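Structure file final-v2.cif (mmCIF, C-alpha atoms and all ligand atoms) is printed below.
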```cif
data_entry
loop_
_atom_site.group_PDB
_atom_site.id
_atom_site.type_symbol
_atom_site.label_atom_id
_atom_site.label_comp_id
_atom_site.auth_asym_id
_atom_site.auth_seq_id
_atom_site.Cartn_x
_atom_site.Cartn_y
_atom_site.Cartn_z
ATOM 1 C CA MET A 863 -53.005 -119.446 -112.389
ATOM 2 C CA ARG A 864 -53.732 -117.978 -109.020
ATOM 3 C CA ILE A 865 -55.196 -114.534 -108.741
ATOM 4 C CA ARG A 866 -54.396 -112.715 -105.557
ATOM 5 C CA PRO A 867 -57.359 -110.545 -104.732
ATOM 6 C CA ALA A 868 -56.837 -107.368 -102.766
ATOM 7 C CA GLY A 869 -58.801 -108.239 -99.669
ATOM 8 C CA TRP A 870 -60.333 -104.893 -98.960
ATOM 9 C CA LEU A 871 -61.595 -104.506 -102.502
ATOM 10 C CA MET A 872 -63.003 -108.013 -102.486
ATOM 11 C CA ALA A 873 -64.715 -107.371 -99.197
ATOM 12 C CA LEU A 874 -66.544 -104.513 -100.855
ATOM 13 C CA GLY A 875 -67.756 -106.823 -103.559
ATOM 14 C CA GLY A 876 -65.320 -105.513 -106.103
ATOM 15 C CA LEU A 877 -63.721 -107.193 -109.036
ATOM 16 C CA PHE A 878 -60.481 -109.087 -108.880
ATOM 17 C CA VAL A 879 -57.397 -106.965 -108.908
ATOM 18 C CA THR A 880 -53.924 -108.363 -108.928
ATOM 19 C CA GLY A 881 -51.654 -107.578 -106.025
ATOM 20 C CA ALA A 882 -48.976 -106.171 -108.258
ATOM 21 C CA ALA A 883 -49.014 -102.407 -108.459
ATOM 22 C CA ALA A 884 -48.151 -102.488 -112.124
ATOM 23 C CA ALA A 885 -48.426 -99.275 -114.061
ATOM 24 C CA ALA A 886 -50.500 -101.032 -116.678
ATOM 25 C CA ALA A 887 -53.359 -101.674 -114.334
ATOM 26 C CA LEU A 888 -57.044 -102.255 -114.696
ATOM 27 C CA SER A 889 -58.130 -99.126 -112.980
ATOM 28 C CA ALA A 890 -61.387 -98.641 -114.709
ATOM 29 C CA GLY A 891 -62.400 -102.124 -113.633
ATOM 30 C CA ALA A 892 -61.516 -101.570 -109.994
ATOM 31 C CA ASP A 893 -64.350 -101.049 -107.572
ATOM 32 C CA PRO A 894 -65.497 -97.441 -107.988
ATOM 33 C CA GLU A 895 -67.054 -97.484 -104.508
ATOM 34 C CA ALA A 896 -63.714 -98.315 -102.932
ATOM 35 C CA THR A 897 -62.112 -95.565 -104.948
ATOM 36 C CA VAL A 898 -64.693 -93.056 -103.792
ATOM 37 C CA ARG A 899 -63.821 -94.086 -100.244
ATOM 38 C CA LEU A 900 -60.107 -93.795 -100.913
ATOM 39 C CA TYR A 901 -60.616 -90.332 -102.373
ATOM 40 C CA ALA A 902 -62.702 -89.351 -99.361
ATOM 41 C CA ASN A 903 -59.970 -90.551 -97.004
ATOM 42 C CA VAL A 904 -56.889 -89.125 -98.630
ATOM 43 C CA CYS A 905 -57.882 -86.325 -101.012
ATOM 44 C CA SER A 906 -61.194 -84.754 -100.102
ATOM 45 C CA GLY A 907 -59.845 -82.845 -97.106
ATOM 46 C CA CYS A 908 -58.076 -80.460 -99.459
ATOM 47 C CA HIS A 909 -59.932 -80.898 -102.758
ATOM 48 C CA GLY A 910 -63.497 -81.251 -101.477
ATOM 49 C CA ALA A 911 -65.737 -84.299 -101.203
ATOM 50 C CA GLY A 912 -67.157 -83.679 -104.660
ATOM 51 C CA LEU A 913 -63.823 -82.566 -106.165
ATOM 52 C CA GLU A 914 -65.197 -79.038 -106.056
ATOM 53 C CA GLY A 915 -62.139 -77.666 -104.288
ATOM 54 C CA ALA A 916 -61.549 -76.601 -100.690
ATOM 55 C CA SER A 917 -58.154 -75.430 -99.409
ATOM 56 C CA ALA A 918 -56.748 -76.728 -102.699
ATOM 57 C CA SER A 919 -58.168 -76.272 -106.151
ATOM 58 C CA ALA A 920 -61.079 -78.060 -107.784
ATOM 59 C CA LEU A 921 -60.356 -81.235 -109.733
ATOM 60 C CA LEU A 922 -63.321 -80.548 -111.971
ATOM 61 C CA GLY A 923 -64.402 -78.249 -114.703
ATOM 62 C CA PRO A 924 -62.988 -76.506 -117.765
ATOM 63 C CA ALA A 925 -60.110 -74.726 -116.009
ATOM 64 C CA PHE A 926 -58.944 -78.005 -114.511
ATOM 65 C CA ARG A 927 -59.326 -80.008 -117.704
ATOM 66 C CA ILE A 928 -57.479 -77.520 -119.863
ATOM 67 C CA SER A 929 -54.378 -77.875 -117.714
ATOM 68 C CA TRP A 930 -54.165 -81.638 -118.347
ATOM 69 C CA PRO A 931 -53.774 -82.535 -122.022
ATOM 70 C CA HIS A 932 -53.863 -86.227 -121.182
ATOM 71 C CA ALA A 933 -54.542 -88.588 -118.321
ATOM 72 C CA LEU A 934 -51.003 -89.989 -118.193
ATOM 73 C CA GLY A 935 -49.615 -86.589 -117.240
ATOM 74 C CA LEU A 936 -52.296 -86.302 -114.598
ATOM 75 C CA PHE A 937 -51.380 -89.737 -113.250
ATOM 76 C CA GLU A 938 -47.692 -88.874 -113.119
ATOM 77 C CA PHE A 939 -48.319 -85.613 -111.312
ATOM 78 C CA VAL A 940 -50.698 -87.110 -108.786
ATOM 79 C CA ALA A 941 -48.539 -90.177 -108.125
ATOM 80 C CA ALA A 942 -45.452 -88.024 -107.571
ATOM 81 C CA ASN A 943 -47.047 -85.239 -105.532
ATOM 82 C CA MET A 944 -50.300 -86.271 -103.887
ATOM 83 C CA PRO A 945 -51.448 -86.375 -101.192
ATOM 84 C CA LEU A 946 -49.518 -83.154 -100.699
ATOM 85 C CA GLY A 947 -46.301 -83.865 -98.847
ATOM 86 C CA ALA A 948 -46.732 -87.616 -99.255
ATOM 87 C CA GLY A 949 -46.380 -88.189 -102.975
ATOM 88 C CA GLY A 950 -45.803 -91.817 -103.834
ATOM 89 C CA SER A 951 -47.288 -93.016 -100.562
ATOM 90 C CA LEU A 952 -50.116 -94.922 -102.244
ATOM 91 C CA ARG A 953 -49.847 -97.947 -104.512
ATOM 92 C CA ALA A 954 -49.691 -97.340 -108.250
ATOM 93 C CA GLN A 955 -53.041 -99.080 -108.610
ATOM 94 C CA GLN A 956 -54.597 -96.663 -106.136
ATOM 95 C CA TYR A 957 -53.257 -93.707 -108.104
ATOM 96 C CA TRP A 958 -54.718 -95.157 -111.284
ATOM 97 C CA ASP A 959 -58.040 -95.615 -109.519
ATOM 98 C CA LEU A 960 -57.998 -92.033 -108.282
ATOM 99 C CA VAL A 961 -57.200 -90.704 -111.738
ATOM 100 C CA ALA A 962 -60.045 -92.809 -113.164
ATOM 101 C CA HIS A 963 -62.303 -91.296 -110.500
ATOM 102 C CA ILE A 964 -61.254 -87.768 -111.479
ATOM 103 C CA LEU A 965 -61.855 -88.555 -115.159
ATOM 104 C CA ARG A 966 -65.314 -89.972 -114.488
ATOM 105 C CA ARG A 967 -66.278 -86.916 -112.486
ATOM 106 C CA ASN A 968 -65.220 -84.803 -115.440
ATOM 107 C CA ASP A 969 -67.347 -86.925 -117.787
ATOM 108 C CA VAL A 970 -64.260 -88.282 -119.503
ATOM 109 C CA ARG A 971 -64.542 -91.910 -120.572
ATOM 110 C CA VAL A 972 -61.999 -94.124 -118.845
ATOM 111 C CA PRO A 973 -60.450 -96.585 -121.289
ATOM 112 C CA GLU A 974 -60.424 -100.251 -120.387
ATOM 113 C CA PRO A 975 -57.903 -101.479 -119.642
ATOM 114 C CA PHE A 976 -56.568 -98.192 -118.300
ATOM 115 C CA THR A 977 -52.937 -98.647 -119.283
ATOM 116 C CA ALA A 978 -50.279 -95.962 -119.449
ATOM 117 C CA GLU A 979 -50.462 -96.134 -123.234
ATOM 118 C CA ARG A 980 -54.207 -95.605 -123.287
ATOM 119 C CA ALA A 981 -53.955 -92.891 -120.658
ATOM 120 C CA ALA A 982 -51.552 -91.000 -122.918
ATOM 121 C CA GLU A 983 -54.282 -91.006 -125.569
ATOM 122 C CA THR A 984 -57.026 -89.925 -123.207
ATOM 123 C CA THR A 985 -57.510 -86.216 -123.379
ATOM 124 C CA LEU A 986 -59.291 -84.216 -120.712
ATOM 125 C CA ARG A 987 -59.918 -81.401 -123.135
ATOM 126 C CA ARG A 988 -63.172 -81.092 -124.938
ATOM 127 C CA SER A 989 -62.844 -81.060 -128.684
HETATM 128 C C1 LIG B 1001 -52.953 -81.431 -97.724
HETATM 129 C C2 LIG B 1001 -53.752 -80.991 -98.847
HETATM 130 C C3 LIG B 1001 -53.857 -81.877 -100.066
HETATM 131 C C4 LIG B 1001 -54.213 -83.203 -100.125
HETATM 132 C C5 LIG B 1001 -54.580 -84.131 -98.974
HETATM 133 C C6 LIG B 1001 -54.232 -83.561 -101.529
HETATM 134 N N1 LIG B 1001 -53.904 -82.475 -102.285
HETATM 135 FE FE1 LIG B 1001 -53.856 -82.395 -104.313
HETATM 136 N N2 LIG B 1001 -53.177 -80.495 -104.239
HETATM 137 C C7 LIG B 1001 -52.951 -79.777 -103.078
HETATM 138 C C8 LIG B 1001 -52.361 -78.483 -103.434
HETATM 139 C C9 LIG B 1001 -51.982 -77.381 -102.441
HETATM 140 C C10 LIG B 1001 -52.219 -78.478 -104.841
HETATM 141 C C11 LIG B 1001 -51.609 -77.410 -105.742
HETATM 142 C C12 LIG B 1001 -52.326 -76.127 -105.691
HETATM 143 C C13 LIG B 1001 -53.793 -76.288 -105.954
HETATM 144 O O1 LIG B 1001 -54.157 -76.922 -106.965
HETATM 145 O O2 LIG B 1001 -54.580 -75.800 -105.134
HETATM 146 C C14 LIG B 1001 -52.767 -79.755 -105.311
HETATM 147 C C15 LIG B 1001 -52.871 -80.068 -106.640
HETATM 148 C C16 LIG B 1001 -53.478 -81.218 -107.108
HETATM 149 C C17 LIG B 1001 -53.776 -81.484 -108.485
HETATM 150 C C18 LIG B 1001 -53.547 -80.537 -109.650
HETATM 151 C C19 LIG B 1001 -54.709 -79.545 -109.652
HETATM 152 C C20 LIG B 1001 -54.868 -78.759 -110.918
HETATM 153 O O3 LIG B 1001 -55.493 -77.681 -110.843
HETATM 154 O O4 LIG B 1001 -54.444 -79.173 -111.983
HETATM 155 C C21 LIG B 1001 -54.357 -82.717 -108.527
HETATM 156 C C22 LIG B 1001 -54.855 -83.434 -109.773
HETATM 157 C C23 LIG B 1001 -54.419 -83.210 -107.182
HETATM 158 N N3 LIG B 1001 -53.889 -82.281 -106.341
HETATM 159 C C24 LIG B 1001 -54.941 -84.439 -106.823
HETATM 160 C C25 LIG B 1001 -54.965 -84.925 -105.519
HETATM 161 C C26 LIG B 1001 -55.368 -86.265 -105.176
HETATM 162 C C27 LIG B 1001 -55.856 -87.309 -106.160
HETATM 163 C C28 LIG B 1001 -55.232 -86.379 -103.830
HETATM 164 C C29 LIG B 1001 -55.430 -87.604 -102.980
HETATM 165 C C30 LIG B 1001 -54.485 -88.669 -103.249
HETATM 166 C C31 LIG B 1001 -54.760 -85.099 -103.337
HETATM 167 N N4 LIG B 1001 -54.594 -84.249 -104.394
HETATM 168 C C32 LIG B 1001 -54.557 -84.806 -102.006
HETATM 169 C C33 LIG B 1001 -53.257 -80.161 -101.802
HETATM 170 C C34 LIG B 1001 -53.647 -81.426 -101.438
#
```

What's the C-alpha cells form of this structure?
Ligand code: HEC
Amino acid sequence: MRIRPAGWLMALGGLFVTGAAAAAALSAGADPEATVRLYANVCSGCHGAGLEGASASALLGPAFRISWPHALGLFEFVAANMPLGAGGSLRAQQYWDLVAHILRRNDVRVPEPFTAERAAETTLRRS
C-alpha cells in the first residue's frame, strides 16, 4: 500500500496523512503546528490569534462551548460557512484539523481517530 503524504505537512515534520479529504479523517493525529499556522492564515484575522475574538466572536470559553452541543455540529457549521464568505473552500481534512484545534484550545479532548461518529459524541459542554 502506498501512502500519499501531504507534502506541506510532511515538510513540517508531521505525521502521514492521506490525500483523500475523507470525512472520517485522522485530525487529531495531524500536525498541530501546521494547524496553528492554518488557523493563523485563514481564521485569526476575524477570530483573533488566540481564538479570543476580534471582529468576530471568540471561539473559546463557556458562552462559545454552550452553543455547540457536539463537535460534529461545529465541524458542519465551520465547513459550510468559514472562512466567512468562502465556506467549503478548504479541504475536509483542514476543517477537521481546525475543529480539533478549537477543541484543544477549549480543553476538550479530541478523540482519535477523529471521525464524524466520534465527533458526534464529543461534547463541548462541561458536565
Ligand atoms: C472575514 C471574517 C471571518 C473569518 C476569516 C472567519 N470567520 Fe468565523 N465567523 C465570522 C463571523 C462574522 C461569524 C458569526 C458571528 C460571530 O460569531 O461573530 C463567525 C462565526 C464562526 C463560528 C461560530 C462562533 C460561535 O460563537 O459559535 C465559528 C466556530 C467560526 N466562525 C470559525 C471560523 C474558522 C475555523 C475560521 C477559519 C477557517 C473562520 N471562522 C474564519 C467571521 C469570520

Scan for residues within 9 Å of the point (-62.2, -87.5, -120.2) in the coordinates of the file, using only C-alpha atoms, and reply as an mmCIF file with C-alpha atoms, keeping the file's coordinate frame.
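Done, and the output landed in out.cif:
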```cif
data_model
loop_
_atom_site.group_PDB
_atom_site.id
_atom_site.type_symbol
_atom_site.label_atom_id
_atom_site.label_comp_id
_atom_site.auth_asym_id
_atom_site.auth_seq_id
_atom_site.Cartn_x
_atom_site.Cartn_y
_atom_site.Cartn_z
ATOM 1 C CA ARG A 927 -59.326 -80.008 -117.704
ATOM 2 C CA HIS A 932 -53.863 -86.227 -121.182
ATOM 3 C CA ALA A 933 -54.542 -88.588 -118.321
ATOM 4 C CA ILE A 964 -61.254 -87.768 -111.479
ATOM 5 C CA LEU A 965 -61.855 -88.555 -115.159
ATOM 6 C CA ARG A 966 -65.314 -89.972 -114.488
ATOM 7 C CA ARG A 967 -66.278 -86.916 -112.486
ATOM 8 C CA ASN A 968 -65.220 -84.803 -115.440
ATOM 9 C CA ASP A 969 -67.347 -86.925 -117.787
ATOM 10 C CA VAL A 970 -64.260 -88.282 -119.503
ATOM 11 C CA ARG A 971 -64.542 -91.910 -120.572
ATOM 12 C CA VAL A 972 -61.999 -94.124 -118.845
ATOM 13 C CA THR A 984 -57.026 -89.925 -123.207
ATOM 14 C CA THR A 985 -57.510 -86.216 -123.379
ATOM 15 C CA LEU A 986 -59.291 -84.216 -120.712
ATOM 16 C CA ARG A 987 -59.918 -81.401 -123.135
ATOM 17 C CA ARG A 988 -63.172 -81.092 -124.938
#
```

Picked residues, the PyMOL selection byres (((not hetatm)) within 6 of (chain B and resi 1001)), as a list of chain:residue names: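 Going through the file, the PyMOL selection byres (((not hetatm)) within 6 of (chain B and resi 1001)) ends up selecting A:Tyr901, A:Val904, A:Cys905, A:Gly907, A:Cys908, A:Ala918, A:Ser919, A:Leu921, A:Phe926, A:Ser929, A:Val940, A:Met944, A:Pro945, A:Leu946, A:Leu960.
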
query: By how many Å are atom CA of A:Pro975 and atom CA of A:Pro924 apart?
result: 25.6 Å

query: With distances taken over only C-alpha atoms, which of A:Val898, A:Gly947, A:Phe937, A:Arg980 is nearest to A:Val961?
result: A:Phe937

task: Using all atoms listed in the file, determine which residues lie at most 10 Å from A:Thr897, disregarding the query and same-chain residues fewer than 3 positions distant; provide the list as a list in words.
output: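 Near neighbours after the sequence-gap exclusion: Leu871, Ser889, Ala892, Asp893, Pro894, Leu900, Tyr901, Ala902, Asn903, Gln956, Tyr957, Trp958, Asp959, Leu960, Val961, Ala962 and His963 of chain A.
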
Selected residues written out, C-alpha atoms, as a PDB file, in the coordinates of the input:
```
ATOM      1  CA  LEU A 871     -61.595-104.506-102.502  1.00  0.00           C
ATOM      2  CA  SER A 889     -58.130 -99.126-112.980  1.00  0.00           C
ATOM      3  CA  ALA A 892     -61.516-101.570-109.994  1.00  0.00           C
ATOM      4  CA  ASP A 893     -64.350-101.049-107.572  1.00  0.00           C
ATOM      5  CA  PRO A 894     -65.497 -97.441-107.988  1.00  0.00           C
ATOM      6  CA  LEU A 900     -60.107 -93.795-100.913  1.00  0.00           C
ATOM      7  CA  TYR A 901     -60.616 -90.332-102.373  1.00  0.00           C
ATOM      8  CA  ALA A 902     -62.702 -89.351 -99.361  1.00  0.00           C
ATOM      9  CA  ASN A 903     -59.970 -90.551 -97.004  1.00  0.00           C
ATOM     10  CA  GLN A 956     -54.597 -96.663-106.136  1.00  0.00           C
ATOM     11  CA  TYR A 957     -53.257 -93.707-108.104  1.00  0.00           C
ATOM     12  CA  TRP A 958     -54.718 -95.157-111.284  1.00  0.00           C
ATOM     13  CA  ASP A 959     -58.040 -95.615-109.519  1.00  0.00           C
ATOM     14  CA  LEU A 960     -57.998 -92.033-108.282  1.00  0.00           C
ATOM     15  CA  VAL A 961     -57.200 -90.704-111.738  1.00  0.00           C
ATOM     16  CA  ALA A 962     -60.045 -92.809-113.164  1.00  0.00           C
ATOM     17  CA  HIS A 963     -62.303 -91.296-110.500  1.00  0.00           C
TER      18      HIS A 963
END
```

- line: The distance between atom CA of A:Glu895 and atom CA of A:Glu914 is 18.6 Å

field: Coordinates-based distance that separates atom CA of A:Gly910 from atom CA of A:Ala896 (Å, one decimal)
entry: 17.1 Å

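Among the candidates A:Ile928, A:Ala911, A:Ala954, A:Ala916, the one nearest to A:Ala942 when counting all atoms listed in the file is A:Ala954.
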